[in-house]
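> Just dropping this structure here.
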Amino acid sequence: MTGYLAKRLLWLIPVILIVAGITFILMHNAPGGPWDRDLSSRQVDPTAQRLLNEFYGLNKPLWRQFTAYMVGDTNTRTGKWVCGLVCGNMGPSYRIRGMSVQQYLFNPPPNRSFLYSKFGYSIRLALLALAFAILIGLPMGVISALKQNTWIDYINLFIATVGISVPNFVIAIFLIIIFASTLHWVSIVPLSWDEFNVWILPSIVLGFGVLARTARLSRATMLEVMRQDYIRTARAKGLVERIVVVRHMIKNAMIPVVTYLGPALAGLITGSFIIETMFGFPGMGRAYVTAISQRDYSMIMGTTLIYAILVAVANLSVDFVYVLLDPRIKLTE
Amino acid sequence: MRSKWFVVVSLLVLASFILGACAKAPAAPSQTLRVNLGSYPDTIDPQKSSFVNEIAHLKLMYEGLTRLDAKLETVPGAAEKWEYNSDATELTFTLRANLKYSDGSLLNAKRFEYSILRNIDPNTAGEYASITDDIAGAAEWRGADLAKATPEELAALKAAVKVQALDSKGNPCTGYDQKDCNTLKIGLKQPAPYFHTVMSLWVTYPAKQELIEQGGESWYVDPKFQLGNGPMVLSTLEPTVQGLFTPNNYYWRGTAKVNIEFRYITDSAVSFNAYKNGEFDIVPLAAEDLATVTQDATLNPEKMVYPGSCTYAFMFHQLKEPFTDQKVREAFAYGLDRAGWVTDVLKGLGSPTLTWIPKGFPGYDAQENRWGYDPAKAQEALAASSYGSADKLPEITATFSDTPRNRTRNEWLAAKYKEVLGIDIKLNPVEATTYTALTKDINTAPQMYILGWCADYPDPQNWLSVYWKTGGFGQRIGYSNPDLDAKLNEADSTVDPTKRMTLYAEAQKMLTDTAPVAFFWNNVNSYMVKPYVKGIQTTPMDSGWPGDIDPLSITIEK
């Protein structure tokens, strides 16, 4: 198991290199740069632009900017060596002046724990959203399959179809109008993210899409498993229906669902942009989306690499969950 | 095995619940004005900021030597008076006696010397730094080649910048604790009788040197380093969630009566719902919600719509055919249905204009009525052009930043021009930052596109000289008019205010003479303000919320 883990972790290195390379080429091919402003604001003058390019090393050849990001380079001003990604330095953000990407994403406010960093907030919201998606989505799918073509199935299918086809900002407005504006159960814009109840709406909005997919996927795989020979065998053995369903059907039907949920969690962590624009949630999704249009190169690199690593780690965890679900699967070389 | 699966799920749930719930935040003071500002600022460093949301924070915490009042007149701020020498090449400020920061510490002229020099310093690389380039020696120091220049050369360049704090005897001040250091002398590289207005801008705000150095590169995020001299004090700043300001008891004009809380919800639908739900006192009003508000008897009186500080124009590239021909430009200017645009497209959130300097700003020309919408004249002008008719024109492409809103807008314009002039305009949507990059270079600037200019400070010099002088922003569409340059140079260096304004008025007429672009519309500021919020004073130059020109006059009467 340890060997397997080590091997999989080592695979991360080429993955990071390739993702970084492709991202770097793509973002530098997009016209414009970090000092090009939205046209409604005053543009940066040529002298300031030159100074900023020099300061951040953007005047150097592209290959050197890439090696500077990955390995490091000497700073032209100070003459000191600045270590790059290999030392965990994700470079300075070009828009959030004076802050490095890792500071921006991983540093909590003063006197707060890591959970209060942007990354920490995003992880917490993603876990809640995932919990919501699993707790509601799985039973929905299972019950739909067991009661196929009944009204319960149709209602569940309807909810799942809504979840997949309606964008989450529309769902958010809908929920806001019902629960905040009409019923006044929660406030729309939380005054503080330290209270638990303010997390409910955002996690529902964020998790709804995953819930819908989980429900559909688990329904489909359940239906497939239900028709397998071993289910008939189990029934023929005289097992109680509950045991047949829980031990033989659900467990076997879970493998594709788990495969989907791993990367989905990575998507939930980085995908909270809508939640941030709507509820002022202090997560990392905004950095992820706005960095692209702002051409904040190091932020684009940083967030893309984090996403890549999250997907890789999620897939790795999925492999470990397989072992729990199916004793035939072994993690070996 | 079953139990293992349940353990995994329950641990996940439990973990997220524990992580989500924590200690409660302290209760907010009773009288707090809750403003939804929109985007959270990227930086709140006075010498590095340039966006409206950044400036909104800075204006509460700091005050410049001068400030703008509700009529956009430049009035004394930290300085009680100022005077120019006879040819307006030297500007001397006298600070108020016993000025204090919000912690009660002394604020003397040396602090302003530091902040102005910090703005020019090439090491700061401020994005708005060029605004003080009129100071003698500023452009030279700021433009120094840091990689090649020796420390001695840089020190000499810094020493040549004519900004100096002086004590009561006229000697250079020695430190930040010197009580009689109340004079700040600024040498200008050419006559600049508008420069005292520039000194009201945020780039000169006196953040403390020792706190900036102590806090490091990202000092500005920590309220304990944001010690200012403005009407409010930053009490807490939780990124993207909340910024809370409390009154500064040491502010020379008096103490504010409310706390001000900024929130950062960018989604206009959520913001508007939260306003209706009583969670905000002031929110921006988006065009989408205007109809709802107007039809609602309760909400309608709460809307606050007033002129903004930007002029938008249809830019024509003067060096690209067919806009090299003045008659074609005239045809396009006559053919532009500005009133229709404001009603149909902007849904009333804007006002049509035929001038560059907007209404409400010094230098506005209320008499100007040339090139207004007139289909018959548009057709005449096109017929009189060297092309003669629409079918002989080369292909015309309108370029714009690709958003659903801009697509609709440009389709509307293309349809209008088709109707009035029979011209088929090709639409060319491009990604937002790509669009900005294109418009910055005379060679890549599109043939025709919509572009706006918003005032940095309320003076015709900022509208006319900064934009339309050769070498300014207007050169990006190939505009260069030596006669206009001469007129503007004369106006810029004229000390007598009346004569100066006459010269600018003449210059603006000269600009409009050749119809270089089609002046189009002025933006409006539009907000929703709860009826119990009293004493809001608005100006076209409000940064992000109404009332920021004078937070002292705001009260909440519930």
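Ordered as shown in the structure tokens, chains take letters A, B, and onward, while each chain numbers its residues from 1 and ligands are numbered from 1 in the order shown.
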So that I can check the secondary structure, give me every residue of segment 383-503 of chain B assigned alpha helix (DSSP H) by backbone DSSP, as JSON, numbers by chain.

{"B": [383, 384, 404, 405, 406, 407, 408, 409, 410, 411, 412, 413, 414, 415, 416, 417, 418, 419, 420, 421, 432, 433, 434, 435, 436, 437, 438, 439, 460, 466, 467, 468, 482, 483, 484, 485, 486, 487, 488, 489, 490, 491, 492, 497, 498, 499, 500, 501, 502, 503]}

> Counting only C-alpha atoms, a student should be able to say which residues of chain A come within 6 Å of chain B; what is the right answer, written as a list in words?

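Interface list for chain A against chain B: Pro31, Gly32, Val44, Thr47, Ala48, Leu51, Leu52, Ile96, Gly98, Met99, Arg124, Leu127, Leu128, Ala131, Ser181, Ile188, Asp194, Glu195, Phe196, Thr277, Met278, Gly280 and Pro282 of chain A.
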
> Could you check which of A:Ile204, A:Ser144, A:Tyr104, A:Ser192 is closest to Leu175 of chain A, using only C-alpha atoms?

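Checking each of A:Ile204, A:Ser144, A:Tyr104, A:Ser192 against Leu175 of chain A, counting only C-alpha atoms, the winner is A:Ile204.
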
> Applying 9 Å and only C-alpha atoms, which residues near segment 6-15 of chain A remain after dropping the ones on its own chain fewer than 5 positions away? List them as a PyMOL selection string.

chain A and resi 1+20+308-309+312-313+316+333

> Save out the residues we just selected, C-alpha atoms, as a PDB file, in the first residue's frame.


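This is the output file out.pdb:
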ATOM      1  CA  MET A   1       0.000   0.000   0.000  1.00  0.00           C
ATOM      2  CA  ALA A  20       2.125  24.107 -15.775  1.00  0.00           C
ATOM      3  CA  ALA A 308      -4.763  19.684 -10.877  1.00  0.00           C
ATOM      4  CA  ILE A 309      -3.319  18.498  -7.576  1.00  0.00           C
ATOM      5  CA  ALA A 312      -5.075  13.925  -8.613  1.00  0.00           C
ATOM      6  CA  VAL A 313      -5.411  13.577  -4.844  1.00  0.00           C
ATOM      7  CA  LEU A 316      -6.091   8.717  -5.367  1.00  0.00           C
ATOM      8  CA  GLU A 333       2.140  -2.341  -7.784  1.00  0.00           C
TER       9      GLU A 333
END

> Just the strand (DSSP E or B) stuff from segment 88-325 of chain B, please, per backbone DSSP, written as JSON, numbers by chain.

{"B": [90, 91, 92, 93, 94, 95, 100, 106, 135, 163, 164, 165, 166, 172, 183, 184, 185, 186, 187, 188, 232, 233, 234, 235, 236, 237, 238, 242, 243, 244, 245, 246, 247, 259, 260, 261, 262, 263, 282, 283, 284, 303, 304, 305, 306, 307, 308, 309, 310, 311, 312, 313, 314, 315, 316]}

> One number please: atom CA of Ala505 of chain B to atom CA of Pro482 of chain B, in Å, one decimal.

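One can read the atom CA of Ala505 of chain B to atom CA of Pro482 of chain B distance as 16.9 Å.
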
> Which residues are close to segment 92-104 of chain B, i.e. within 10 Å by only C-alpha atoms, leaving aside same-chain residues fewer than 2 positions away? Reply as a PyMOL selection string.

chain B and resi 61-62+65-66+76-85+90+106-109+112+163-166+179-187+196+206-208+226-234+247-252

> Can you pull out the residues contacting Ile152 of chain A? Cut-off 10 Å, using only C-alpha atoms, and skip same-chain residues under 6 positions away; I want them as a list in words.

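Everything that qualifies: Met140, Ile143, Ser144, Ala145, Leu146 and Phe158 of chain A.
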